$ cat coords-v8.cif   # mmCIF, C-alpha atoms
data_final
loop_
_atom_site.label_atom_id
_atom_site.label_comp_id
_atom_site.auth_asym_id
_atom_site.auth_seq_id
_atom_site.Cartn_x
_atom_site.Cartn_y
_atom_site.Cartn_z
CA MET A 1 -37.47 9.17 36.38
CA LYS A 2 -35.11 6.84 38.19
CA ARG A 3 -35.95 3.89 35.95
CA PHE A 4 -34.52 5.71 32.95
CA LEU A 5 -31.15 6.28 34.60
CA VAL A 6 -29.83 2.76 34.02
CA PRO A 7 -30.53 2.56 30.25
CA LEU A 8 -29.38 6.17 29.90
CA GLY A 9 -26.14 5.31 31.70
CA ILE A 10 -25.58 2.26 29.48
CA PHE A 11 -26.33 4.38 26.42
CA ILE A 12 -23.82 7.04 27.44
CA VAL A 13 -21.09 4.45 28.08
CA LEU A 14 -21.80 2.90 24.68
CA VAL A 15 -21.66 6.29 22.95
CA VAL A 16 -18.35 7.09 24.64
CA PHE A 17 -16.86 3.77 23.50
CA LEU A 18 -18.11 4.24 19.95
CA ALA A 19 -16.88 7.85 19.87
CA VAL A 20 -13.39 6.77 20.96
CA GLY A 21 -13.55 3.98 18.38
CA LEU A 22 -14.26 6.49 15.64
CA THR A 23 -11.09 8.46 16.38
CA ARG A 24 -8.89 5.38 15.98
CA ASP A 25 -7.63 4.06 12.69
CA PRO A 26 -8.29 0.31 12.45
CA ARG A 27 -5.52 0.06 9.86
CA GLU A 28 -2.96 1.04 12.46
CA VAL A 29 -1.67 -2.18 13.90
CA PRO A 30 0.70 -1.73 16.82
CA SER A 31 4.09 -2.82 15.58
CA PRO A 32 5.94 -5.42 17.61
CA LEU A 33 9.17 -3.92 16.28
CA ILE A 34 9.09 -0.83 18.49
CA ASP A 35 12.09 -0.83 20.87
CA LYS A 36 13.64 -3.72 18.94
CA ALA A 37 16.71 -3.62 16.74
CA ALA A 38 16.06 -2.53 13.17
CA PRO A 39 16.16 -5.72 11.07
CA PRO A 40 19.45 -5.81 9.18
CA PHE A 41 19.58 -5.43 5.42
CA THR A 42 22.18 -4.86 2.78
CA LEU A 43 20.62 -3.49 -0.37
CA VAL A 44 21.66 -1.95 -3.65
CA GLN A 45 21.45 1.83 -3.85
CA LEU A 46 18.88 3.32 -6.18
CA HIS A 47 21.13 5.96 -7.73
CA GLU A 48 24.33 3.94 -7.78
CA PRO A 49 23.48 0.28 -8.37
CA ALA A 50 27.13 -0.64 -7.93
CA ARG A 51 27.05 0.45 -4.29
CA GLN A 52 25.23 -1.04 -1.34
CA LEU A 53 23.99 0.27 1.96
CA SER A 54 23.38 -1.69 5.13
CA VAL A 55 21.78 -0.86 8.45
CA ALA A 56 25.12 -1.35 10.19
CA ASP A 57 26.58 1.59 8.19
CA LEU A 58 24.13 3.94 9.87
CA LYS A 59 24.99 3.18 13.49
CA GLY A 60 25.86 6.17 15.62
CA GLN A 61 23.27 8.52 14.18
CA VAL A 62 19.53 8.99 14.48
CA TRP A 63 17.87 8.41 11.11
CA LEU A 64 14.53 8.01 9.46
CA LEU A 65 13.67 5.12 7.21
CA ASN A 66 10.92 6.10 4.80
CA VAL A 67 9.34 3.29 2.80
CA TRP A 68 8.15 4.65 -0.54
CA ALA A 69 7.35 3.64 -4.10
CA SER A 70 6.56 5.44 -7.32
CA TRP A 71 3.29 3.49 -7.59
CA CYS A 72 2.19 4.59 -4.13
CA VAL A 73 -0.40 7.34 -4.29
CA SER A 74 -0.31 8.45 -0.66
CA CYS A 75 3.49 8.77 -0.87
CA ARG A 76 2.85 11.85 -3.00
CA GLN A 77 0.80 13.28 -0.19
CA GLU A 78 3.60 13.11 2.38
CA HIS A 79 6.47 13.73 0.00
CA PRO A 80 6.54 17.56 0.23
CA LEU A 81 6.91 17.19 4.01
CA MET A 82 9.85 14.83 3.55
CA VAL A 83 11.50 17.28 1.15
CA GLU A 84 10.95 20.09 3.63
CA LEU A 85 12.30 18.05 6.52
CA SER A 86 15.39 17.13 4.57
CA LYS A 87 16.00 20.78 3.65
CA ALA A 88 15.72 21.72 7.33
CA GLY A 89 18.53 19.23 7.96
CA VAL A 90 17.07 17.96 11.22
CA VAL A 91 17.67 14.29 10.54
CA PRO A 92 18.93 12.24 7.58
CA ILE A 93 16.18 10.39 5.73
CA TYR A 94 16.98 7.09 4.08
CA GLY A 95 14.52 5.73 1.55
CA LEU A 96 13.47 2.14 1.13
CA ASN A 97 12.19 1.98 -2.41
CA TYR A 98 9.66 -0.81 -2.02
CA LYS A 99 8.77 -3.18 -4.88
CA ASP A 100 9.49 -0.61 -7.52
CA LYS A 101 11.27 -0.34 -10.87
CA ARG A 102 14.49 1.66 -10.98
CA ASP A 103 13.57 3.93 -13.90
CA ALA A 104 10.09 4.65 -12.51
CA ALA A 105 11.56 5.42 -9.09
CA LEU A 106 14.23 7.74 -10.49
CA ARG A 107 11.67 9.56 -12.63
CA TRP A 108 9.42 9.98 -9.59
CA LEU A 109 12.22 11.53 -7.53
CA GLU A 110 13.08 13.86 -10.40
CA GLN A 111 9.48 14.98 -10.59
CA PHE A 112 8.71 15.39 -6.89
CA GLY A 113 12.14 16.05 -5.37
CA ASP A 114 14.62 13.77 -3.63
CA PRO A 115 14.76 14.18 0.16
CA TYR A 116 16.78 11.01 0.70
CA THR A 117 20.41 10.85 1.72
CA VAL A 118 20.37 7.46 0.03
CA SER A 119 17.55 5.31 -1.29
CA VAL A 120 17.97 1.56 -1.47
CA MET A 121 15.99 -0.86 -3.59
CA ASP A 122 13.85 -3.58 -2.05
CA ALA A 123 12.70 -4.94 -5.40
CA ASP A 124 11.15 -8.18 -4.14
CA GLY A 125 9.77 -6.73 -0.90
CA LYS A 126 11.69 -9.14 1.38
CA VAL A 127 13.13 -6.38 3.54
CA GLY A 128 9.66 -4.85 3.67
CA ILE A 129 8.38 -8.09 5.21
CA ASP A 130 11.20 -7.97 7.80
CA TYR A 131 10.10 -4.46 8.73
CA GLY A 132 6.43 -5.48 8.90
CA VAL A 133 5.50 -3.15 6.05
CA TYR A 134 1.91 -3.53 4.93
CA GLY A 135 0.81 -0.07 3.90
CA VAL A 136 3.26 2.11 2.02
CA PRO A 137 4.28 4.78 2.98
CA GLU A 138 5.68 3.86 6.36
CA THR A 139 8.29 5.76 8.33
CA TYR A 140 10.55 4.51 11.09
CA VAL A 141 12.59 6.55 13.57
CA ILE A 142 15.78 4.64 14.37
CA ASP A 143 18.14 5.71 17.13
CA LYS A 144 21.94 5.75 17.42
CA GLU A 145 22.04 2.15 18.62
CA GLY A 146 19.95 0.99 15.66
CA ILE A 147 16.77 0.52 17.73
CA ILE A 148 13.39 1.35 16.17
CA ARG A 149 11.73 4.00 18.35
CA TYR A 150 8.68 4.93 16.34
CA LYS A 151 6.74 3.72 13.35
CA GLN A 152 4.32 5.75 11.30
CA ILE A 153 1.96 3.69 9.18
CA GLY A 154 0.58 5.62 6.25
CA PRO A 155 1.56 9.13 5.25
CA VAL A 156 3.34 11.36 7.73
CA THR A 157 1.26 14.48 8.34
CA ALA A 158 2.50 17.94 9.31
CA GLU A 159 0.95 17.37 12.74
CA VAL A 160 2.68 14.04 13.34
CA LEU A 161 5.95 15.50 12.15
CA LYS A 162 5.77 18.52 14.42
CA GLN A 163 4.30 16.87 17.49
CA THR A 164 5.84 13.43 17.44
CA ILE A 165 8.66 12.77 15.01
CA ILE A 166 10.77 15.93 15.36
CA PRO A 167 10.59 16.07 19.20
CA LEU A 168 11.47 12.37 19.35
CA VAL A 169 14.43 12.83 16.97
CA ARG A 170 15.71 15.78 19.02
CA LYS A 171 15.40 13.75 22.22
CA LEU A 172 17.23 10.78 20.70
CA GLN A 173 19.95 13.02 19.30
CA GLY A 174 20.37 14.22 22.89
CA MET B 1 -8.87 -41.46 -45.29
CA ARG B 2 -8.28 -37.75 -45.48
CA ALA B 3 -10.95 -37.04 -42.90
CA GLU B 4 -9.39 -39.59 -40.64
CA ARG B 5 -6.01 -37.93 -40.93
CA ALA B 6 -7.58 -34.55 -40.15
CA THR B 7 -9.25 -36.01 -37.07
CA ALA B 8 -6.01 -37.58 -35.93
CA GLY B 9 -4.28 -34.24 -36.47
CA ALA B 10 -6.92 -32.42 -34.45
CA VAL B 11 -6.64 -34.96 -31.64
CA ALA B 12 -2.85 -34.63 -31.64
CA LEU B 13 -3.12 -30.85 -31.57
CA TRP B 14 -5.65 -31.00 -28.75
CA LEU B 15 -3.41 -33.35 -26.76
CA ALA B 16 -0.40 -31.12 -27.33
CA LEU B 17 -2.37 -28.08 -26.23
CA SER B 18 -3.66 -29.74 -23.10
CA VAL B 19 -0.19 -30.96 -22.19
CA TRP B 20 1.08 -27.43 -22.72
CA ALA B 21 -1.76 -26.01 -20.59
CA ALA B 22 -1.06 -28.50 -17.83
CA ASP B 23 2.58 -27.51 -18.03
CA ALA B 24 1.73 -23.84 -17.71
CA ALA B 25 -0.38 -24.50 -14.64
CA SER B 26 2.03 -26.88 -13.00
CA PRO B 27 4.05 -24.47 -10.79
CA ALA B 28 0.98 -23.87 -8.63
CA VAL B 29 0.41 -27.56 -7.96
CA ALA B 30 4.00 -28.78 -8.00
CA ASP B 31 3.55 -30.09 -4.49
CA PRO B 32 -0.12 -30.60 -3.61
CA ALA B 33 0.64 -31.60 -0.02
CA LEU B 34 2.61 -28.40 0.56
CA GLU B 35 -0.10 -26.29 -1.09
CA HIS B 36 -2.69 -27.92 1.12
CA ARG B 37 -0.61 -27.18 4.22
CA LEU B 38 -0.20 -23.59 3.01
CA MET B 39 -3.96 -23.19 2.53
CA VAL B 40 -4.75 -24.58 5.98
CA LEU B 41 -2.16 -22.39 7.69
CA SER B 42 -2.90 -19.21 5.75
CA ALA B 43 -6.62 -19.51 6.51
CA GLU B 44 -5.64 -18.76 10.13
CA LEU B 45 -3.59 -15.73 9.18
CA ARG B 46 -4.95 -12.27 8.60
CA CYS B 47 -4.13 -10.30 5.50
CA LEU B 48 -2.91 -6.93 6.76
CA VAL B 49 -3.88 -5.04 3.65
CA CYS B 50 -7.52 -6.14 3.60
CA GLN B 51 -8.07 -6.89 7.22
CA ASN B 52 -11.28 -8.85 6.95
CA GLN B 53 -9.72 -11.43 4.68
CA SER B 54 -7.43 -14.26 5.53
CA LEU B 55 -4.12 -14.63 3.81
CA ALA B 56 -5.56 -17.63 1.98
CA ASP B 57 -8.42 -15.61 0.47
CA SER B 58 -6.49 -12.48 -0.34
CA HIS B 59 -4.91 -11.58 -3.65
CA ALA B 60 -3.29 -8.40 -2.37
CA ASP B 61 0.36 -8.09 -3.42
CA LEU B 62 1.57 -8.37 0.13
CA ALA B 63 -0.57 -11.48 0.72
CA ILE B 64 0.95 -13.14 -2.33
CA ASP B 65 4.47 -12.21 -1.15
CA LEU B 66 3.73 -13.54 2.32
CA LYS B 67 2.31 -16.77 0.94
CA ASN B 68 5.45 -17.20 -1.14
CA GLN B 69 7.52 -16.56 1.96
CA VAL B 70 5.51 -19.15 3.91
CA ARG B 71 5.87 -21.59 1.01
CA GLU B 72 9.65 -21.14 1.06
CA MET B 73 9.79 -21.64 4.81
CA MET B 74 7.71 -24.81 4.53
CA ARG B 75 10.05 -26.12 1.86
CA ALA B 76 12.94 -25.34 4.19
CA GLY B 77 11.29 -27.67 6.70
CA GLN B 78 10.02 -25.14 9.21
CA SER B 79 7.05 -26.01 11.39
CA ASP B 80 3.75 -24.10 11.41
CA GLU B 81 4.66 -22.74 14.83
CA GLN B 82 7.97 -21.40 13.55
CA ILE B 83 6.22 -19.74 10.63
CA LYS B 84 3.61 -18.14 12.89
CA ALA B 85 6.39 -16.90 15.18
CA TYR B 86 8.18 -15.42 12.16
CA LEU B 87 5.05 -13.51 11.15
CA THR B 88 4.08 -12.31 14.64
CA GLN B 89 7.62 -11.02 15.16
CA ARG B 90 7.03 -8.72 12.20
CA TYR B 91 3.32 -7.96 12.24
CA GLY B 92 2.28 -8.68 15.83
CA ASP B 93 -0.44 -10.98 17.18
CA PHE B 94 -2.81 -9.13 14.89
CA VAL B 95 -1.91 -11.49 12.04
CA LEU B 96 -3.32 -14.43 13.95
CA TYR B 97 -7.06 -14.97 13.72
CA ASN B 98 -6.68 -17.12 16.79
CA PRO B 99 -4.76 -14.87 19.19
CA PRO B 100 -2.80 -16.38 22.11
CA VAL B 101 -4.11 -16.04 25.66
CA LYS B 102 -1.89 -13.59 27.52
CA ALA B 103 -2.19 -10.52 29.73
CA THR B 104 -3.02 -8.16 26.85
CA THR B 105 -5.68 -10.47 25.41
CA TRP B 106 -7.50 -11.45 28.62
CA MET B 107 -10.17 -8.90 27.91
CA LEU B 108 -10.68 -10.43 24.48
CA TRP B 109 -10.90 -14.00 25.73
CA LEU B 110 -12.72 -13.47 29.02
CA GLY B 111 -14.77 -10.38 28.15
CA PRO B 112 -17.73 -12.26 26.61
CA PHE B 113 -17.94 -14.63 29.59
CA ALA B 114 -17.74 -11.70 32.01
CA ALA B 115 -20.55 -9.97 30.11
CA LEU B 116 -22.64 -13.15 30.18
CA LEU B 117 -22.06 -13.52 33.91
CA ALA B 118 -22.95 -9.89 34.61
CA GLY B 119 -26.05 -10.20 32.45
CA SER B 120 -27.23 -13.36 34.21
CA ALA B 121 -26.63 -11.80 37.61
CA ALA B 122 -28.62 -8.72 36.62
CA LEU B 123 -31.46 -10.91 35.32
CA VAL B 124 -31.61 -13.04 38.49
CA LEU B 125 -31.61 -9.92 40.65
CA TYR B 126 -34.35 -8.32 38.60
CA LEU B 127 -36.57 -11.44 38.66
CA ARG B 128 -36.15 -11.85 42.38
CA ARG B 129 -36.99 -8.24 43.08
CA ARG B 130 -40.05 -8.45 40.83
CA ARG B 131 -41.35 -11.56 42.55
CA VAL B 132 -41.20 -9.82 45.89
CA ALA B 133 -42.93 -6.77 44.42
CA VAL B 134 -45.69 -8.89 42.81
CA ALA B 135 -46.26 -10.83 46.03
CA ALA B 136 -46.52 -7.59 47.95
CA ALA B 137 -48.96 -6.06 45.47
CA SER B 138 -51.40 -8.99 45.27
CA PRO B 139 -54.21 -8.99 47.86
CA ASP B 140 -54.66 -11.94 50.17
CA LEU B 141 -57.16 -14.47 48.82
CA SER B 142 -59.52 -16.47 50.86
CA ALA B 143 -59.13 -20.26 50.75
CA ALA B 144 -62.22 -20.59 48.56
CA ASP B 145 -60.98 -17.96 46.12
CA SER B 146 -57.63 -19.73 45.86
CA VAL B 147 -59.30 -22.98 44.96
CA ARG B 148 -61.41 -21.21 42.37
CA ALA B 149 -58.44 -19.43 40.91
CA ARG B 150 -56.50 -22.67 40.69
CA ARG B 151 -59.42 -24.30 38.91
CA LEU B 152 -59.72 -21.40 36.45
CA LEU B 153 -56.03 -21.51 35.72
CA ASP B 154 -56.05 -25.26 35.20
CA GLY B 155 -58.84 -24.87 32.68
CA ASP B 156 -61.36 -27.29 34.17
CA ALA B 157 -63.44 -24.63 35.85
CA ALA B 158 -67.16 -24.91 36.15
CA PRO B 159 -68.98 -22.15 34.29
CA PRO B 160 -69.20 -19.11 36.54
CA ALA B 161 -72.24 -19.12 38.72
#

$ encode --input "coords-v8.cif" --output "structure tokens"
Amino acid sequence: MKRFLVPLGIFIVLVVFLAVGLTRDPREVPSPLIDKAAPPFTLVQLHEPARQLSVADLKGQVWLLNVWASWCVSCRQEHPLMVELSKAGVVPIYGLNYKDKRDAALRWLEQFGDPYTVSVMDADGKVGIDYGVYGVPETYVIDKEGIIRYKQIGPVTAEVLKQTIIPLVRKLQG
Amino acid sequence: MRAERATAGAVALWLALSVWAADAASPAVADPALEHRLMVLSAELRCLVCQNQSLADSHADLAIDLKNQVREMMRAGQSDEQIKAYLTQRYGDFVLYNPPVKATTWMLWLGPFAALLAGSAALVLYLRRRRVAVAAASPDLSAADSVRARRLLDGDAAPPA
């Protein structure tokens, strides 16, 4: 009986490791940008191409930066949540329209609703690189000092919104 | 005469076409040394979209953008180290296929050696314990039996009596 204990023990440890591994998403790479200043940008606005928006303009408030594109399928999945969040008025959402065409982006917002206070256009994806974007949609929580506090890679889910993003925003709004 | 002219025309057309084709392909090989440097460096960098591919192998949109970015930085005279630092600042050590040795990566670097050491220790322990057990289990042989056993094992034994 005793001789089986060692392999059984090893087996159980292995199963526990594998089970934990299954619950983790290998696509989620820890971002080195957490607790660092949001990389500056000055970009043209989607709705009013004559106007620009920069990160510096948003100092003094907690805001979300949501990276989206009309070609991005999983953006559709999270979009109703963004619309709902914006209606609730908890936190302003700014959109980074990533590698998209203006007319396609505008049509998309018309079709699915526009939760963004302002969307800016990152047509060549350079700002996306500065923000370490690799899987649209991505969402950043940025505090009053312009520091990134949280990054969601992939679509925001109702669970993440309720359990992580909204409590964090409330805390940062103090 | 006419055939000759037609041949000359065809050759001229072919030459023009190949010059045009070479022209069309030229942006990619404008600077072979730089492209070579890009290929060597990007083979060490992970594509974040398709994580089992290097940046060099990947044709994902982001990989192409990042390669263009790296190309620009190389043209601007930045060193490989500066370019790697630029990328890790944005994407973390995860982009490097050859991660640096530091507190968070000790497990990664030393883990296999620790496992090897633990395995060897376990093996040595097991063998030692077994030898003791075997010695304890085997009955004492008389001197004559030992000689016979040795002879049998060495293969030059006399046929059994």

$ closest_atom_pairs --input "coords-v8.cif" --of "region 131-162 of chain A" --to "region 114-125 of chain A" --cutoff "12 Å" --atoms "all atoms listed in the file" --output "CSV"
residue,atom,partner,partner_atom,distance
A:Tyr131,CA,A:Gly125,CA,9.9
A:Gly132,CA,A:Gly125,CA,10.4
A:Val133,CA,A:Gly125,CA,8.9
A:Tyr134,CA,A:Gly125,CA,10.3
A:Val136,CA,A:Gly125,CA,11.4

$ write_last_selection --input "coords-v8.cif" --atoms "C-alpha atoms" --output "compact mmCIF listing (two decimals), in the frame of the given file"
# COMPACT_ATOMS: atom_id res chain seq x y z
CA TYR A 131 10.10 -4.46 8.73
CA GLY A 132 6.43 -5.48 8.90
CA VAL A 133 5.50 -3.15 6.05
CA TYR A 134 1.91 -3.53 4.93
CA VAL A 136 3.26 2.11 2.02

$ resolve_selection --input "coords-v8.cif" --expression "the PyMOL selection byres ((chain B and resi 63-68) around 9)" --output "list in words"
Asp124, Gly125, Lys126 and Ile129 of chain A; Leu38, Ser42, Cys47, Leu48, Val49, Ser54, Leu55, Ala56, Asp57, Ser58, His59, Ala60, Asp61, Leu62, Gln69, Val70, Arg71, Glu72, Met73 and Leu87 of chain B

$ resolve_selection --input "coords-v8.cif" --expression "the PyMOL selection byres ((chain B) within 6 of (chain A))" --output "JSON list (two decimals) with C-alpha atoms, in the frame of the given file"
[["chain", "number", "residue", "atom", "x", "y", "z"],
["B", 90, "ARG", "CA", 7.03, -8.72, 12.20],
["B", 91, "TYR", "CA", 3.32, -7.96, 12.24],
["B", 92, "GLY", "CA", 2.28, -8.68, 15.83]]

$ closest_residue --input "coords-v8.cif" --among "A:Arg170, A:His47, A:Lys162, A:Arg3" --to "Asn97 (chain A)" --atoms "all atoms listed in the file"
A:His47

$ atom_distance --input "coords-v8.cif" --atom1 "CA of Leu85 (chain A)" --atom2 "CA of Glu145 (chain A)"
22.2 Å

$ atom_distance --input "coords-v8.cif" --atom1 "CA of Asp80 (chain B)" --atom2 "CA of Arg37 (chain B)"
9.0 Å

$ resolve_selection --input "coords-v8.cif" --expression "the PyMOL selection byres ((chain A and resi 108) around 12)" --output "NGL selection string"
:A and (68-73 or 75-76 or 79 or 97 or 100-107 or 109-115)

$ atom_distance --input "coords-v8.cif" --atom1 "CA of Tyr98 (chain A)" --atom2 "CA of Val127 (chain A)"
8.6 Å

$ closest_residue --input "coords-v8.cif" --among "B:Met74, B:Val95, B:Val147, B:Val134" --to "Asn52 (chain B)" --atoms "only C-alpha atoms"
B:Val95

$ residues_near_point --input "coords-v8.cif" --point "(-5.5, -18.2, 10.9)" --cutoff "7 Å" --atoms "only C-alpha atoms" --output "NGL selection string"
:B and (41-46 or 54 or 96-98)

$ write_last_selection --input "coords-v8.cif" --atoms "C-alpha atoms" --output "PDB file, keeping the file's coordinate frame"
ATOM      1  CA  LEU B  41      -2.160 -22.390   7.690  1.00  0.00           C
ATOM      2  CA  SER B  42      -2.900 -19.210   5.750  1.00  0.00           C
ATOM      3  CA  ALA B  43      -6.620 -19.510   6.510  1.00  0.00           C
ATOM      4  CA  GLU B  44      -5.640 -18.760  10.130  1.00  0.00           C
ATOM      5  CA  LEU B  45      -3.590 -15.730   9.180  1.00  0.00           C
ATOM      6  CA  ARG B  46      -4.950 -12.270   8.600  1.00  0.00           C
ATOM      7  CA  SER B  54      -7.430 -14.260   5.530  1.00  0.00           C
ATOM      8  CA  LEU B  96      -3.320 -14.430  13.950  1.00  0.00           C
ATOM      9  CA  TYR B  97      -7.060 -14.970  13.720  1.00  0.00           C
ATOM     10  CA  ASN B  98      -6.680 -17.120  16.790  1.00  0.00           C
TER      11      ASN B  98
END

$ build_atoms --input "coords-v8.cif" --residues "region 153-170 of chain A" --atoms "N, CA, C and O atoms" --output "PDB file, keeping the file's coordinate frame"
ATOM      1  N   ILE A 153       2.558   4.462  10.276  1.00  0.00           N
ATOM      2  CA  ILE A 153       1.960   3.690   9.180  1.00  0.00           C
ATOM      3  C   ILE A 153       1.088   4.651   8.377  1.00  0.00           C
ATOM      4  O   ILE A 153       0.286   5.381   8.944  1.00  0.00           O
ATOM      5  N   GLY A 154       1.295   4.664   7.091  1.00  0.00           N
ATOM      6  CA  GLY A 154       0.580   5.620   6.250  1.00  0.00           C
ATOM      7  C   GLY A 154       1.339   6.928   6.214  1.00  0.00           C
ATOM      8  O   GLY A 154       2.386   7.070   6.843  1.00  0.00           O
ATOM      9  N   PRO A 155       0.811   7.893   5.456  1.00  0.00           N
ATOM     10  CA  PRO A 155       1.560   9.130   5.250  1.00  0.00           C
ATOM     11  C   PRO A 155       1.803   9.901   6.536  1.00  0.00           C
ATOM     12  O   PRO A 155       0.930   9.980   7.403  1.00  0.00           O
ATOM     13  N   VAL A 156       3.013  10.462   6.633  1.00  0.00           N
ATOM     14  CA  VAL A 156       3.340  11.360   7.730  1.00  0.00           C
ATOM     15  C   VAL A 156       2.592  12.670   7.469  1.00  0.00           C
ATOM     16  O   VAL A 156       2.577  13.164   6.347  1.00  0.00           O
ATOM     17  N   THR A 157       1.940  13.194   8.504  1.00  0.00           N
ATOM     18  CA  THR A 157       1.260  14.480   8.340  1.00  0.00           C
ATOM     19  C   THR A 157       2.083  15.561   9.031  1.00  0.00           C
ATOM     20  O   THR A 157       2.975  15.258   9.835  1.00  0.00           O
ATOM     21  N   ALA A 158       1.773  16.816   8.716  1.00  0.00           N
ATOM     22  CA  ALA A 158       2.500  17.940   9.310  1.00  0.00           C
ATOM     23  C   ALA A 158       2.386  17.868  10.839  1.00  0.00           C
ATOM     24  O   ALA A 158       3.346  18.140  11.564  1.00  0.00           O
ATOM     25  N   GLU A 159       1.204  17.451  11.303  1.00  0.00           N
ATOM     26  CA  GLU A 159       0.950  17.370  12.740  1.00  0.00           C
ATOM     27  C   GLU A 159       1.847  16.321  13.398  1.00  0.00           C
ATOM     28  O   GLU A 159       2.484  16.572  14.416  1.00  0.00           O
ATOM     29  N   VAL A 160       1.865  15.127  12.791  1.00  0.00           N
ATOM     30  CA  VAL A 160       2.680  14.040  13.340  1.00  0.00           C
ATOM     31  C   VAL A 160       4.149  14.439  13.349  1.00  0.00           C
ATOM     32  O   VAL A 160       4.890  14.179  14.298  1.00  0.00           O
ATOM     33  N   LEU A 161       4.561  15.090  12.270  1.00  0.00           N
ATOM     34  CA  LEU A 161       5.950  15.500  12.150  1.00  0.00           C
ATOM     35  C   LEU A 161       6.323  16.468  13.265  1.00  0.00           C
ATOM     36  O   LEU A 161       7.331  16.301  13.949  1.00  0.00           O
ATOM     37  N   LYS A 162       5.467  17.466  13.465  1.00  0.00           N
ATOM     38  CA  LYS A 162       5.770  18.520  14.420  1.00  0.00           C
ATOM     39  C   LYS A 162       5.635  18.028  15.849  1.00  0.00           C
ATOM     40  O   LYS A 162       6.437  18.352  16.710  1.00  0.00           O
ATOM     41  N   GLN A 163       4.585  17.225  16.098  1.00  0.00           N
ATOM     42  CA  GLN A 163       4.300  16.870  17.490  1.00  0.00           C
ATOM     43  C   GLN A 163       4.977  15.585  17.941  1.00  0.00           C
ATOM     44  O   GLN A 163       5.180  15.393  19.134  1.00  0.00           O
ATOM     45  N   THR A 164       5.287  14.708  17.021  1.00  0.00           N
ATOM     46  CA  THR A 164       5.840  13.430  17.440  1.00  0.00           C
ATOM     47  C   THR A 164       7.250  13.194  16.907  1.00  0.00           C
ATOM     48  O   THR A 164       8.191  12.974  17.681  1.00  0.00           O
ATOM     49  N   ILE A 165       7.406  13.234  15.588  1.00  0.00           N
ATOM     50  CA  ILE A 165       8.660  12.770  15.010  1.00  0.00           C
ATOM     51  C   ILE A 165       9.830  13.710  15.352  1.00  0.00           C
ATOM     52  O   ILE A 165      10.857  13.259  15.858  1.00  0.00           O
ATOM     53  N   ILE A 166       9.645  15.014  15.123  1.00  0.00           N
ATOM     54  CA  ILE A 166      10.770  15.930  15.360  1.00  0.00           C
ATOM     55  C   ILE A 166      11.167  15.980  16.847  1.00  0.00           C
ATOM     56  O   ILE A 166      12.351  15.842  17.169  1.00  0.00           O
ATOM     57  N   PRO A 167      10.186  16.108  17.773  1.00  0.00           N
ATOM     58  CA  PRO A 167      10.590  16.070  19.200  1.00  0.00           C
ATOM     59  C   PRO A 167      11.314  14.773  19.572  1.00  0.00           C
ATOM     60  O   PRO A 167      12.296  14.807  20.327  1.00  0.00           O
ATOM     61  N   LEU A 168      10.841  13.657  19.025  1.00  0.00           N
ATOM     62  CA  LEU A 168      11.470  12.370  19.350  1.00  0.00           C
ATOM     63  C   LEU A 168      12.903  12.326  18.813  1.00  0.00           C
ATOM     64  O   LEU A 168      13.830  11.904  19.515  1.00  0.00           O
ATOM     65  N   VAL A 169      13.088  12.800  17.572  1.00  0.00           N
ATOM     66  CA  VAL A 169      14.430  12.830  16.970  1.00  0.00           C
ATOM     67  C   VAL A 169      15.364  13.682  17.818  1.00  0.00           C
ATOM     68  O   VAL A 169      16.486  13.276  18.134  1.00  0.00           O
ATOM     69  N   ARG A 170      14.885  14.864  18.208  1.00  0.00           N
ATOM     70  CA  ARG A 170      15.710  15.780  19.020  1.00  0.00           C
ATOM     71  C   ARG A 170      16.118  15.101  20.324  1.00  0.00           C
ATOM     72  O   ARG A 170      17.257  15.194  20.760  1.00  0.00           O
TER      73      ARG A 170
END
